[in-house]
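Read the structure below first, then the notes.
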Amino acid sequence: MTEVLLVATSRPQFGVLADAVAKLNAQGARVHLAGSFHLEAEGVPEELVKVAVAEAHQLPRNLHHRSQALRRRVGKAPRGLRQWIQVKGDSWLRSRARRADVLVALDVGAVYTVWRLAEYNRTAPAKFGLAPALKAVEELRTQGGTTARRSSLLPPLHAVARDVRRGVDQLPGQLVRAATPRPVMRSGVGARLWRSAVTAPGMPIKVRATTSRYVAEGMQWAGRVSGAALTLADAAAKIPDLSLRANLYYEAVMQEIKKGISPRDLGKAVKAHLALADAEFAKGGTDEAAEALNRALFLHFHRVLHIDQLSSPLAKDAEGFVAPLHMSKAFQALSRPRGRRVPAAPLPGDRPLRLLVTTSANDNFLHLIKAHFADHPGVELRYLDLAANKHLKRISWAATRMLKDRLSDSSSDYQEEVERLMRPHLDWADTVFLEWAAGPAGMLTTIDPGDTRIVVRLHSYEAFTRWPHLTDFSRIDDLVFVAPHVKDLTTSLVPVLRGEQAPRMHFVDNAMDLSGFNRPKPAEARFNLGLIGISQVAKDPKWAVDVLERVRKHDERYRLILVGGDMDPKTSQATKEYLKQFEELLEPLEESGAVVRLGPTDDVPSKLVDIGTILSSSVREGCHVGVMEGAASGAVPVVRDWPFYAGKPNSARTLYPEDWVVPSPAAAAEKLLKATATEESWRAAGKLAAEHALTVWDWPVVKKHFERLFLDES
Amino acid sequence: MRETANQFAKAGWDVTVVNIARESWELDSGIDLSLLEQVDPRVKIEELPLVREDLETDIRLYDEARALDPHGWVSELRRRQTQAFPEPNFGEWRDDLEQAVLRIHRKQPADLLLASCVPYVNLAAAWKLWEEAKVPYAVDFRDGWSIDVIDGVEAFARDSEEGRWEKKVLDQAVSLWVVNDPIAEHYRKRYPEFADRVHVVRNGYDADSSPGRVHNPDPESGLVFGYLGTVNFTVQHLETVLNAWRAARAKEPLLANARFELRGHIGNGANRGANRHAEILKEAEADGVLYGGPAAKAEVADVYARWDAMVLVLIGGRYVTSGKVYEYMATGLPIVSAHAVEHDASNVLKGHPLWTGAPGIDEAGLTESFVKAAHMAVETTDEEHADAMAHADQFTREALMSVAVKNLVEELAK
């Protein structure tokens with residue numbers, strides 16, 4: 001009997017495995033499966049039944065039962081080593097491995113484990129993959145089916161020596177760990193003591209860095225996330241080596257970011273990375289400078305700070321927020337406008353305009369535009385989805401490569417690659433319309449567009465990311481915004497947009513077909529508040545619940561109808577926290593019927609039939625499509641004065657009729673009660689809102705703006 | 001390649017083929033030894049002990065670094081390999097190939113070297129023999145090099161290392177063969193100075209792969225649709241085809257008991273026969289789908305003879321033809337096209353009486369194609385089947401290659 005041991009770290013392709021095991025059995029083999037994937041996970045036992053293995057054994061799936069220090073050390077080790085450390089003590093595995101005639105790794109993660117097992121069993125073929133395993137069994141059959149076992153309990157001498165060496169390397173960590181146990185770190189005094197220890201004068205740099213990491217680990221273990229961050233940051237402040245300092249600051253702020261907290265030392269961490277970038281840039285290390293600058297921008301514009309929170313330091317003082325960046329020499333090199341050699345060519349007089357509409361996957365707001373210009377006699381339309389082609393996708397979001405290119409004065413291979421892949425499109429098009437001013441805008445402006453006119457649309461979220469800072473706006477002819485307040489914010493952030501080389505700027509409303517929204521509403525809809533779109537923290541649906549609770553104090557007939565998919569807790573820890581609170585708030589209200597969740601839908605117009613008041617509870621919006629659609633349906637709009645923009649020259653108050661906008665939940669409740677006091681007053685207010693929406697935002701009106709944008713020479 | 005060698009031998013040439021060892025082919029997606037039986041016995045074969053190190057599956061041959069991080073190790077290997085010649089996986093073969101052709105030439109002076117790619121490192125051997133002994137050479141590029149035929153974009157710039165190699169080698173080549181007009185156009189445009197040396201030599205099909213007779217379906221016991229070829233398309237592509245197959249079976253009574261058989265290689269190295277595609281096919285067994293493993297060359301005609309319609313699943317677009325299309329046409333069976341609308345296979349199939357057309361990789365369109373093909377399979381007369389087979393006559397490999405070899409010999413004599 002040939003004994004075959006299969007080792008898998010991830011769920012195998014069960015159908016294929018079943019076939020292969022049947023073939024192995026037919027050749028007289030007995031097959032044992034050791035898996036560190038979850039053997040009891042949903043669906044797995046049913047699949048395993050179909051695989052005719054003699055036994056399937058669950059290997060340890062993680063290192064949770066092992067020490068924190070070991071886990072930290074192993075966390076940085078290659079996956080194969082992590083896996084081996086996880087499973088090497090398993091007695092079932094060791095005994096089957098010693099007796100096996102063929103050892104097989106089913107996936108990449110299992111290769112090192114099999115390699116190590118093969119040191120104990122020194123005669124069995126050790127193979128990677130099922131087809132090689134089948135062949136090995138076939139070959140063994142010719143010699144009786146088994147290997148001449150010379151297995152031993154001990155691995156060869158060189159393997160023992162290697163393991164001893166590794167053990168010695170671990171000693172300092174073990175010593176420090178002994179001194180920073182969990183109970184000490186749990187006590188505030190102990191934690192403070194250790195924090196001050198990492199800043200003690202005269203400590204060698206490496207010892208300070210290592211100690212701070214162990215102390216931080218202990219604190220994190222004791223649940224002191226901010227303490228861990230502070231410890232690393234304190235140590236970083238005492239370290240003169242720019243690279244090590246930046247690294248420690250990075251580790252410090254990431255401790256908090258991972259927990260969804262805005263880090264208190266973010267400014268210092270960004271400054272440390274900028275200092276490193278400047279030092280490297282000054283001595284010609286453009287690659288290193290680009291890496292450091294990329295990290296600075298990654299931290300400065302991290303979504304936990306700006307996207308997944310109800311406020312953002314960027315919105316409070318945009319110019320002040322980016323000021324530290326502009327003091328960096330490396331960043332200055334990045335933002336230097338390079339312009340274009342020739343201006344965009346005038347419109348072709350003798351043939352239709354060649355218009356290339358492009359985006360990276362997200363074409364949510366392009367459908368009407370594409371359909372309209374596809375049939376327009378004055379336009380020859382092409383559409384390019386940058387995410388659909390692996391070459392274009394690779395260059396579209398390559399932040400570090402963009403930075404390397406800018407810092408090396410446009411002499412990198414990135415420049416060459418963008419040129420090669422995008423030039424044919426630029427050669428064809430008279431005008432390129434790029435949707436979303438994100439990664440692809442940085443990519444496209446890496447090269448001079450020749451005489452092709454470049455039009456880019458910036459919606460809103462892009463302003464809160466690093467991408468506008470990687471975009472050379474001097475190579476863009478027209479920048480389209482969906483609202484004035486987004487333009488104000490973006491120009492505050494990017495100085496080029498305030499200078500001579502700024503593109504022409506336009507406001508064009510989002511393309512929406514509102515014709516099907518205006519349907520008769522039943523009388524009961526008067527008491528239904530609606531919120532469309534709740535999938536992001538920025539939508540702040542808790543505000544809407546606050547409004548609901550206030551109006552219900554006057555009349556319990558009021559209900560809140562939520563339309564759209566829920567937030568994805570996997571987006572970030574901050575999102576997860578918000579969602580948890582929101583769900584807790586919602587639970588009793590849903591039970592009582594005060595809140596109704598309709599979930600995602602493709603048919604918003606029919607959902608709006610039952611909604612009498614449409615809310616915008618967001619903290620920021622470019623233009624709130626849900627409100628515009630709601631207004632078009634004849635629902636009364638009640639719009640929160642979006643806090644990111646409230647009080648500024650342009651805001652929700654200037655985008656919408658002023659009487660739609662309210663400063664607080666109390667004011668919202670008051671307005672709502674007044675507007676819906678009688679059926680007549682409610683219907684009259686809804687009619688006015690619908691008229692406004694249809695005359696300002698409906699596609700027949702907005703399409704003229706797009707035609708002007710693309711086809712009007714003046 | 002086999003037919004080219006045979007045609008040269010037939011024309012009275014003394015032919016030596018440089019190949020890699022059989023075991024090395026085994027490591028790749030497998031080997032079909034029956035193909036060797038059709039090689040003209042006058043052709044000499046020189047096997048070099050070259051192997052694709054990245055595909056090694058014997059863990060005992062791994063050092064610790066490779067065992068710890070197999071993917072990382074292979075990435076590093078590929079980077080290293082490109083130092084000798086700018087081609088991952090094969091670059092390091094350069095020296096052995098160069099020495100092999102010099103050795104063969106020393107033993108028996110060669111009048112012509114024909115470098116067939118892939119791998120492109122073969123070009124280095126051609127160049128070496130040209131540099132050292134001025135032996136003229138031709139390049140059989142098949143799908144070209146500087147064009148990425150799948151995505152239809154330039155694969156590398158002219159001033160890249162690959163670009164410089166391609167230009168240098170093609171500058172001196174007697175002739176350049178490619179498989180279709182769009183690729184030829186790419187080369188003529190890129191190198192106008194030798195546009196007249198660029199020739200289209202279509203892949204064609206082996207006459208003995210054709211079942212050679214009109215086929216009579218038996219809908220009572222279930223129509224059989226077939227795919228024969230390497231499973232090299234994406235998982236998504238496969239899923240679309242299978243979803244369309246399921247929809248067509250549910251919709252069309254003629255297909256209710258139909259089967260869809262796939263034959264060919266799946267995956268290579270450690271994933272041979274065991275990748276996601278294999279799993280999806282296994283899961284589709286309930287829908288009459290069967291993956292029957294690779295088919296040896298000698299078996300091909302019999303396999304086709306059992307089928308009632310062909311499913312042509314192809315990657316890429318206007319730059320891709322694929323040899324399969326010719327072989328499929330020669331079966332005289334209805335053909336369901338599951339590839340991009342704008343594809344060179346569409347050009348080849350245009351005018352084929354039993355072609356369902358190319359609706360693109362679109363579930364609804366493909367569903368209709370399956371239904372249409374089922375009707376074609378049972379409603380077409382013997383004469384129509386014979387007409388369909390005749391449509392392929394112009395593309396027998398022997399016919400195409402004999403002309404190509406004759407032209408090359410003439411060019412050489414100029």
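Chain labels follow the order of the structure tokens: the first chain is A, the next B, and so on; residue numbering restarts at 1 in every chain, and ligands are counted from 1 in their shown order.
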Produce a table with one row for each residue of chain B that has an atom at most 7 Å from any atom of chain A, each row naming the nearest atom pair and its distance in Å at one decimal; use only C-alpha atoms; arrange rows by chain and rising residue number; format as JSON lines.
{"residue": "B:Thr57", "atom": "CA", "partner": "A:Phe128", "partner_atom": "CA", "distance": 4.9}
{"residue": "B:Asp58", "atom": "CA", "partner": "A:Lys127", "partner_atom": "CA", "distance": 4.9}
{"residue": "B:Ile59", "atom": "CA", "partner": "A:Ala126", "partner_atom": "CA", "distance": 5.3}
{"residue": "B:Arg60", "atom": "CA", "partner": "A:Ala126", "partner_atom": "CA", "distance": 6.0}
{"residue": "B:Ala67", "atom": "CA", "partner": "A:Tyr112", "partner_atom": "CA", "distance": 4.6}
{"residue": "B:Leu68", "atom": "CA", "partner": "A:Gly80", "partner_atom": "CA", "distance": 4.9}
{"residue": "B:Asp69", "atom": "CA", "partner": "A:Gly80", "partner_atom": "CA", "distance": 6.4}
{"residue": "B:Pro70", "atom": "CA", "partner": "A:Val108", "partner_atom": "CA", "distance": 6.6}
{"residue": "B:Ala157", "atom": "CA", "partner": "A:Arg420", "partner_atom": "CA", "distance": 6.8}
{"residue": "B:Ala270", "atom": "CA", "partner": "A:Gly129", "partner_atom": "CA", "distance": 4.1}
{"residue": "B:Asn271", "atom": "CA", "partner": "A:Gly129", "partner_atom": "CA", "distance": 5.9}
{"residue": "B:Arg272", "atom": "CA", "partner": "A:Ala131", "partner_atom": "CA", "distance": 5.9}
{"residue": "B:Gly273", "atom": "CA", "partner": "A:Ala131", "partner_atom": "CA", "distance": 6.6}
{"residue": "B:Ala274", "atom": "CA", "partner": "A:Val16", "partner_atom": "CA", "distance": 5.8}
{"residue": "B:Arg276", "atom": "CA", "partner": "A:Gln13", "partner_atom": "CA", "distance": 6.9}
{"residue": "B:Ala278", "atom": "CA", "partner": "A:Val16", "partner_atom": "CA", "distance": 6.4}
{"residue": "B:Glu279", "atom": "CA", "partner": "A:Val16", "partner_atom": "CA", "distance": 5.5}
{"residue": "B:Lys282", "atom": "CA", "partner": "A:Gly15", "partner_atom": "CA", "distance": 5.6}
{"residue": "B:Glu283", "atom": "CA", "partner": "A:Gly15", "partner_atom": "CA", "distance": 6.8}
Which neighbours of stretch 192-200 of chain B fall inside 12 Å, counting only C-alpha atoms, when residues of the same chain fewer than 6 positions from it are skipped, and could you give them as a PDB file with N, CA and C atoms, in the first residue's frame?
ATOM      1  N   ALA B 138      15.725  32.710 -41.273  1.00  0.00           N
ATOM      2  CA  ALA B 138      14.360  33.242 -41.387  1.00  0.00           C
ATOM      3  C   ALA B 138      13.709  33.109 -40.017  1.00  0.00           C
ATOM      4  N   VAL B 139      12.691  33.935 -39.771  1.00  0.00           N
ATOM      5  CA  VAL B 139      12.020  33.903 -38.473  1.00  0.00           C
ATOM      6  C   VAL B 139      10.556  33.518 -38.665  1.00  0.00           C
ATOM      7  N   ASP B 140      10.171  32.447 -38.001  1.00  0.00           N
ATOM      8  CA  ASP B 140       8.754  32.059 -38.018  1.00  0.00           C
ATOM      9  C   ASP B 140       8.160  32.560 -36.700  1.00  0.00           C
ATOM     10  N   PHE B 141       7.520  33.724 -36.774  1.00  0.00           N
ATOM     11  CA  PHE B 141       7.105  34.405 -35.549  1.00  0.00           C
ATOM     12  C   PHE B 141       5.755  33.942 -35.037  1.00  0.00           C
ATOM     13  N   ARG B 142       4.998  33.195 -35.838  1.00  0.00           N
ATOM     14  CA  ARG B 142       3.628  32.850 -35.428  1.00  0.00           C
ATOM     15  C   ARG B 142       2.857  34.096 -34.968  1.00  0.00           C
ATOM     16  N   ASP B 143       2.753  34.327 -33.675  1.00  0.00           N
ATOM     17  CA  ASP B 143       1.941  35.450 -33.189  1.00  0.00           C
ATOM     18  C   ASP B 143       2.709  36.759 -33.032  1.00  0.00           C
ATOM     19  N   GLY B 144       3.941  36.814 -33.515  1.00  0.00           N
ATOM     20  CA  GLY B 144       4.697  38.056 -33.408  1.00  0.00           C
ATOM     21  C   GLY B 144       5.243  38.263 -32.016  1.00  0.00           C
ATOM     22  N   LYS B 167      14.495  44.385 -33.731  1.00  0.00           N
ATOM     23  CA  LYS B 167      14.903  45.174 -34.905  1.00  0.00           C
ATOM     24  C   LYS B 167      16.184  44.592 -35.495  1.00  0.00           C
ATOM     25  N   VAL B 169      17.482  41.596 -35.272  1.00  0.00           N
ATOM     26  CA  VAL B 169      17.341  40.278 -35.888  1.00  0.00           C
ATOM     27  C   VAL B 169      16.538  40.369 -37.186  1.00  0.00           C
ATOM     28  N   LEU B 170      15.467  41.145 -37.164  1.00  0.00           N
ATOM     29  CA  LEU B 170      14.634  41.201 -38.360  1.00  0.00           C
ATOM     30  C   LEU B 170      15.331  41.927 -39.504  1.00  0.00           C
ATOM     31  N   ASP B 171      16.200  42.859 -39.157  1.00  0.00           N
ATOM     32  CA  ASP B 171      16.942  43.598 -40.182  1.00  0.00           C
ATOM     33  C   ASP B 171      17.656  42.662 -41.158  1.00  0.00           C
ATOM     34  N   GLN B 172      18.200  41.579 -40.630  1.00  0.00           N
ATOM     35  CA  GLN B 172      19.008  40.684 -41.457  1.00  0.00           C
ATOM     36  C   GLN B 172      18.249  39.426 -41.881  1.00  0.00           C
ATOM     37  N   ALA B 173      17.006  39.267 -41.434  1.00  0.00           N
ATOM     38  CA  ALA B 173      16.284  38.018 -41.710  1.00  0.00           C
ATOM     39  C   ALA B 173      15.914  37.923 -43.196  1.00  0.00           C
ATOM     40  N   VAL B 174      16.011  36.710 -43.724  1.00  0.00           N
ATOM     41  CA  VAL B 174      15.627  36.492 -45.118  1.00  0.00           C
ATOM     42  C   VAL B 174      14.118  36.671 -45.266  1.00  0.00           C
ATOM     43  N   SER B 175      13.403  36.202 -44.242  1.00  0.00           N
ATOM     44  CA  SER B 175      11.959  36.208 -44.345  1.00  0.00           C
ATOM     45  C   SER B 175      11.363  36.192 -42.939  1.00  0.00           C
ATOM     46  N   LEU B 176      10.172  36.772 -42.809  1.00  0.00           N
ATOM     47  CA  LEU B 176       9.485  36.752 -41.511  1.00  0.00           C
ATOM     48  C   LEU B 176       8.083  36.207 -41.729  1.00  0.00           C
ATOM     49  N   TRP B 177       7.750  35.149 -41.006  1.00  0.00           N
ATOM     50  CA  TRP B 177       6.416  34.540 -41.134  1.00  0.00           C
ATOM     51  C   TRP B 177       5.565  34.903 -39.917  1.00  0.00           C
ATOM     52  N   VAL B 178       4.334  35.265 -40.193  1.00  0.00           N
ATOM     53  CA  VAL B 178       3.360  35.462 -39.106  1.00  0.00           C
ATOM     54  C   VAL B 178       2.048  34.800 -39.515  1.00  0.00           C
ATOM     55  N   VAL B 179       1.110  34.647 -38.531  1.00  0.00           N
ATOM     56  CA  VAL B 179      -0.043  33.792 -38.824  1.00  0.00           C
ATOM     57  C   VAL B 179      -1.245  34.491 -39.463  1.00  0.00           C
ATOM     58  N   ASN B 180      -1.275  35.812 -39.423  1.00  0.00           N
ATOM     59  CA  ASN B 180      -2.449  36.441 -40.036  1.00  0.00           C
ATOM     60  C   ASN B 180      -2.147  37.854 -40.527  1.00  0.00           C
ATOM     61  N   ASP B 181      -3.094  38.420 -41.236  1.00  0.00           N
ATOM     62  CA  ASP B 181      -2.873  39.730 -41.854  1.00  0.00           C
ATOM     63  C   ASP B 181      -2.696  40.859 -40.846  1.00  0.00           C
ATOM     64  N   PRO B 182      -3.535  40.912 -39.765  1.00  0.00           N
ATOM     65  CA  PRO B 182      -3.333  42.025 -38.826  1.00  0.00           C
ATOM     66  C   PRO B 182      -1.921  42.051 -38.226  1.00  0.00           C
ATOM     67  N   ILE B 183      -1.364  40.869 -37.919  1.00  0.00           N
ATOM     68  CA  ILE B 183      -0.007  40.848 -37.358  1.00  0.00           C
ATOM     69  C   ILE B 183       0.998  41.264 -38.440  1.00  0.00           C
ATOM     70  N   ALA B 184       0.782  40.772 -39.654  1.00  0.00           N
ATOM     71  CA  ALA B 184       1.677  41.152 -40.754  1.00  0.00           C
ATOM     72  C   ALA B 184       1.648  42.669 -40.936  1.00  0.00           C
ATOM     73  N   GLU B 185       0.440  43.230 -40.838  1.00  0.00           N
ATOM     74  CA  GLU B 185       0.275  44.682 -40.990  1.00  0.00           C
ATOM     75  C   GLU B 185       1.068  45.425 -39.920  1.00  0.00           C
ATOM     76  N   HIS B 186       0.986  44.898 -38.701  1.00  0.00           N
ATOM     77  CA  HIS B 186       1.738  45.504 -37.591  1.00  0.00           C
ATOM     78  C   HIS B 186       3.229  45.538 -37.941  1.00  0.00           C
ATOM     79  N   THR B 321      -5.599  34.372 -34.488  1.00  0.00           N
ATOM     80  CA  THR B 321      -6.351  33.469 -35.360  1.00  0.00           C
ATOM     81  C   THR B 321      -6.550  32.138 -34.654  1.00  0.00           C
ATOM     82  N   LEU B 400      -0.393  24.690 -47.137  1.00  0.00           N
ATOM     83  CA  LEU B 400       0.113  26.011 -46.754  1.00  0.00           C
ATOM     84  C   LEU B 400       1.629  25.991 -46.587  1.00  0.00           C
ATOM     85  N   MET B 401       2.136  24.950 -45.920  1.00  0.00           N
ATOM     86  CA  MET B 401       3.550  24.903 -45.608  1.00  0.00           C
ATOM     87  C   MET B 401       4.405  24.604 -46.837  1.00  0.00           C
ATOM     88  N   VAL B 403       3.871  25.613 -49.770  1.00  0.00           N
ATOM     89  CA  VAL B 403       4.029  26.892 -50.484  1.00  0.00           C
ATOM     90  C   VAL B 403       5.000  27.797 -49.728  1.00  0.00           C
ATOM     91  N   ALA B 404       4.821  27.857 -48.388  1.00  0.00           N
ATOM     92  CA  ALA B 404       5.671  28.738 -47.587  1.00  0.00           C
ATOM     93  C   ALA B 404       7.136  28.329 -47.717  1.00  0.00           C
ATOM     94  N   VAL B 405       7.400  27.015 -47.652  1.00  0.00           N
ATOM     95  CA  VAL B 405       8.782  26.546 -47.740  1.00  0.00           C
ATOM     96  C   VAL B 405       9.347  26.826 -49.137  1.00  0.00           C
ATOM     97  N   ASN B 407       8.485  29.219 -51.159  1.00  0.00           N
ATOM     98  CA  ASN B 407       8.756  30.660 -51.259  1.00  0.00           C
ATOM     99  C   ASN B 407      10.023  31.046 -50.507  1.00  0.00           C
ATOM    100  N   LEU B 408      10.201  30.431 -49.347  1.00  0.00           N
ATOM    101  CA  LEU B 408      11.381  30.766 -48.544  1.00  0.00           C
ATOM    102  C   LEU B 408      12.647  30.350 -49.280  1.00  0.00           C
ATOM    103  N   GLU B 411      13.310  32.837 -51.895  1.00  0.00           N
ATOM    104  CA  GLU B 411      13.819  34.104 -51.340  1.00  0.00           C
ATOM    105  C   GLU B 411      15.296  33.985 -50.994  1.00  0.00           C
ATOM    106  N   LEU B 412      15.637  32.826 -50.487  1.00  0.00           N
ATOM    107  CA  LEU B 412      17.021  32.577 -50.084  1.00  0.00           C
ATOM    108  C   LEU B 412      17.945  32.626 -51.302  1.00  0.00           C
TER     109      LEU B 412
END
**Q.** Residues flagged alpha helix (DSSP H) by DSSP in stretch 97-311 of chain B, as a count of residues only
**A.** 77
Q | Non-local contacts of stretch 604-609 of chain A (9 Å; only C-alpha atoms; under 5 positions in same chain excluded) as a list of chain:residue names | A | A:Leu514, A:Gly516, A:Phe517, A:Asn518, A:Arg519, A:Pro520, A:Lys521, A:Pro522, A:Ala525, A:Gly530, A:Ile532, A:Val563, A:Leu598, A:Ile614, A:Gly626, A:Glu629, A:Gly630, A:Ser633, A:Gly634, A:Ala635
Dump of N, CA and C atoms for the selected residues, as a tab-separated table (two decimals), in the first residue's frame:
chain	number	residue	atom	x	y	z
A	514	LEU	N	-34.62	62.37	-15.19
A	514	LEU	CA	-35.60	62.52	-14.11
A	514	LEU	C	-37.04	62.36	-14.61
A	516	GLY	N	-38.93	59.93	-15.45
A	516	GLY	CA	-39.80	58.87	-14.93
A	516	GLY	C	-40.09	58.98	-13.44
A	517	PHE	N	-39.61	60.04	-12.81
A	517	PHE	CA	-39.73	60.11	-11.35
A	517	PHE	C	-41.04	60.73	-10.85
A	518	ASN	N	-41.60	61.61	-11.68
A	518	ASN	CA	-42.76	62.37	-11.20
A	518	ASN	C	-44.04	61.55	-11.33
A	519	ARG	N	-44.31	60.71	-10.30
A	519	ARG	CA	-45.49	59.85	-10.31
A	519	ARG	C	-46.40	60.25	-9.14
A	520	PRO	N	-47.70	60.00	-9.26
A	520	PRO	CA	-48.60	60.40	-8.17
A	520	PRO	C	-48.28	59.68	-6.86
A	521	LYS	N	-48.34	60.41	-5.76
A	521	LYS	CA	-48.04	59.82	-4.45
A	521	LYS	C	-49.34	59.62	-3.67
A	522	PRO	N	-49.45	58.50	-2.95
A	522	PRO	CA	-50.65	58.32	-2.12
A	522	PRO	C	-50.61	59.28	-0.92
A	525	ALA	N	-48.08	58.88	1.97
A	525	ALA	CA	-46.66	59.16	1.77
A	525	ALA	C	-46.22	60.41	2.53
A	530	GLY	N	-37.72	59.79	3.53
A	530	GLY	CA	-36.90	58.84	2.77
A	530	GLY	C	-35.44	59.26	2.74
A	532	ILE	N	-32.06	58.05	0.49
A	532	ILE	CA	-31.59	57.15	-0.57
A	532	ILE	C	-30.07	57.10	-0.55
A	563	VAL	N	-33.41	53.46	1.60
A	563	VAL	CA	-33.27	52.78	0.31
A	563	VAL	C	-31.79	52.65	-0.01
A	598	LEU	N	-35.39	49.08	2.85
A	598	LEU	CA	-35.79	48.42	1.61
A	598	LEU	C	-34.62	47.73	0.91
A	614	ILE	N	-37.88	63.92	1.25
A	614	ILE	CA	-36.59	63.31	0.94
A	614	ILE	C	-35.50	64.03	1.75
A	626	GLY	N	-29.59	61.43	-4.86
A	626	GLY	CA	-30.83	60.92	-4.24
A	626	GLY	C	-31.81	62.04	-3.93
A	629	GLU	N	-33.31	63.33	-7.24
A	629	GLU	CA	-34.33	62.40	-7.74
A	629	GLU	C	-35.60	62.48	-6.88
A	630	GLY	N	-35.40	62.59	-5.57
A	630	GLY	CA	-36.53	62.70	-4.65
A	630	GLY	C	-37.34	63.95	-4.94
A	633	SER	N	-39.45	63.63	-7.83
A	633	SER	CA	-40.63	62.77	-7.62
A	633	SER	C	-41.76	63.52	-6.90
A	634	GLY	N	-41.45	64.74	-6.44
A	634	GLY	CA	-42.47	65.51	-5.72
A	634	GLY	C	-42.38	65.34	-4.22
A	635	ALA	N	-41.27	64.77	-3.73
A	635	ALA	CA	-41.06	64.71	-2.28
A	635	ALA	C	-40.48	66.05	-1.83
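Once B:Gly288 and its same-chain neighbours fewer than 5 positions away are set aside, Asn257, Ala258, Arg259 and Phe260 of chain B remain within 8 Å of it when counting only C-alpha atoms.
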For those residues, write C-alpha atoms to a file as a compact mmCIF listing (two decimals), in the first residue's frame.
# COMPACT_ATOMS: atom_id res chain seq x y z
CA ASN B 257 -29.95 15.60 -23.20
CA ALA B 258 -26.95 17.12 -25.00
CA ARG B 259 -23.37 16.85 -23.76
CA PHE B 260 -20.46 19.24 -24.00
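The list of residues with at least one atom within 6 Å of stretch 380-393 of chain B, based on only C-alpha atoms and without residues fewer than 5 positions apart in the same chain, reads B:Met329, B:Ala330, B:Gly332, B:Pro353.
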Write out the residues from the selection above, keeping N, CA and C atoms, as a PDB file, in the first residue's frame.
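Below you can see again-v7.pdb, which holds the result:
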ATOM      1  N   MET B 329     -13.024  23.853 -38.752  1.00  0.00           N
ATOM      2  CA  MET B 329     -13.724  23.989 -40.034  1.00  0.00           C
ATOM      3  C   MET B 329     -13.685  22.679 -40.796  1.00  0.00           C
ATOM      4  N   ALA B 330     -12.535  22.003 -40.713  1.00  0.00           N
ATOM      5  CA  ALA B 330     -12.354  20.781 -41.493  1.00  0.00           C
ATOM      6  C   ALA B 330     -13.263  19.646 -41.029  1.00  0.00           C
ATOM      7  N   GLY B 332     -16.343  19.929 -40.727  1.00  0.00           N
ATOM      8  CA  GLY B 332     -17.615  20.066 -41.432  1.00  0.00           C
ATOM      9  C   GLY B 332     -18.805  20.153 -40.497  1.00  0.00           C
ATOM     10  N   PRO B 353     -20.626  27.738 -44.207  1.00  0.00           N
ATOM     11  CA  PRO B 353     -22.094  27.615 -44.186  1.00  0.00           C
ATOM     12  C   PRO B 353     -22.671  27.187 -42.829  1.00  0.00           C
TER      13      PRO B 353
END
Q.
Need to verify the contact set: B:Arg306, 12 Å, only C-alpha atoms, exclusion of same-chain residues closer than 6 positions in sequence. Can you return it as a list in words?
A. Ser210, Pro211, Arg213, Val214, His215, Asn216, Pro217, Asp218, Gly222, Leu223, Val224, Phe225, Gly226, Tyr227, Arg259, Phe260, Glu261, Glu299, Val300, Thr331 and Leu333 of chain B
(Q) Quick one: residues within 10 Å of A:Met327, only C-alpha atoms, excluding same-chain residues fewer than 5 positions away - as a PyMOL selection string? (A) chain A and resi 271+274+322+332
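Here atom CA of A:Phe527 is placed at a distance of 20.4 Å from atom CA of A:Glu587.
Every residue of stretch 361-465 of chain A with a DSSP assignment of strand (DSSP E or B), taken from the backbone, is listed as Val379, Glu380, Leu381, Arg382, Tyr383, Leu384, Asp385, Thr431, Val432, Phe433, Leu434, Glu435, Arg453, Ile454, Val455, Val456, Arg457 and Leu458 of chain A.
Counting only C-alpha atoms and comparing A:Tyr558, A:Val486, A:Ala52, A:Leu6, the residue that lies closest to A:Asp101 is A:Leu6.
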Q.
Using only C-alpha atoms for the distances, tell me which of A:Ala511, A:Ala233, A:Leu585, A:Ala315 is nearest to A:Asp363.
A. A:Ala511
Q) Interatomic distance between atom CA of B:Tyr205 and atom CA of B:Glu327? A) 5.0 Å
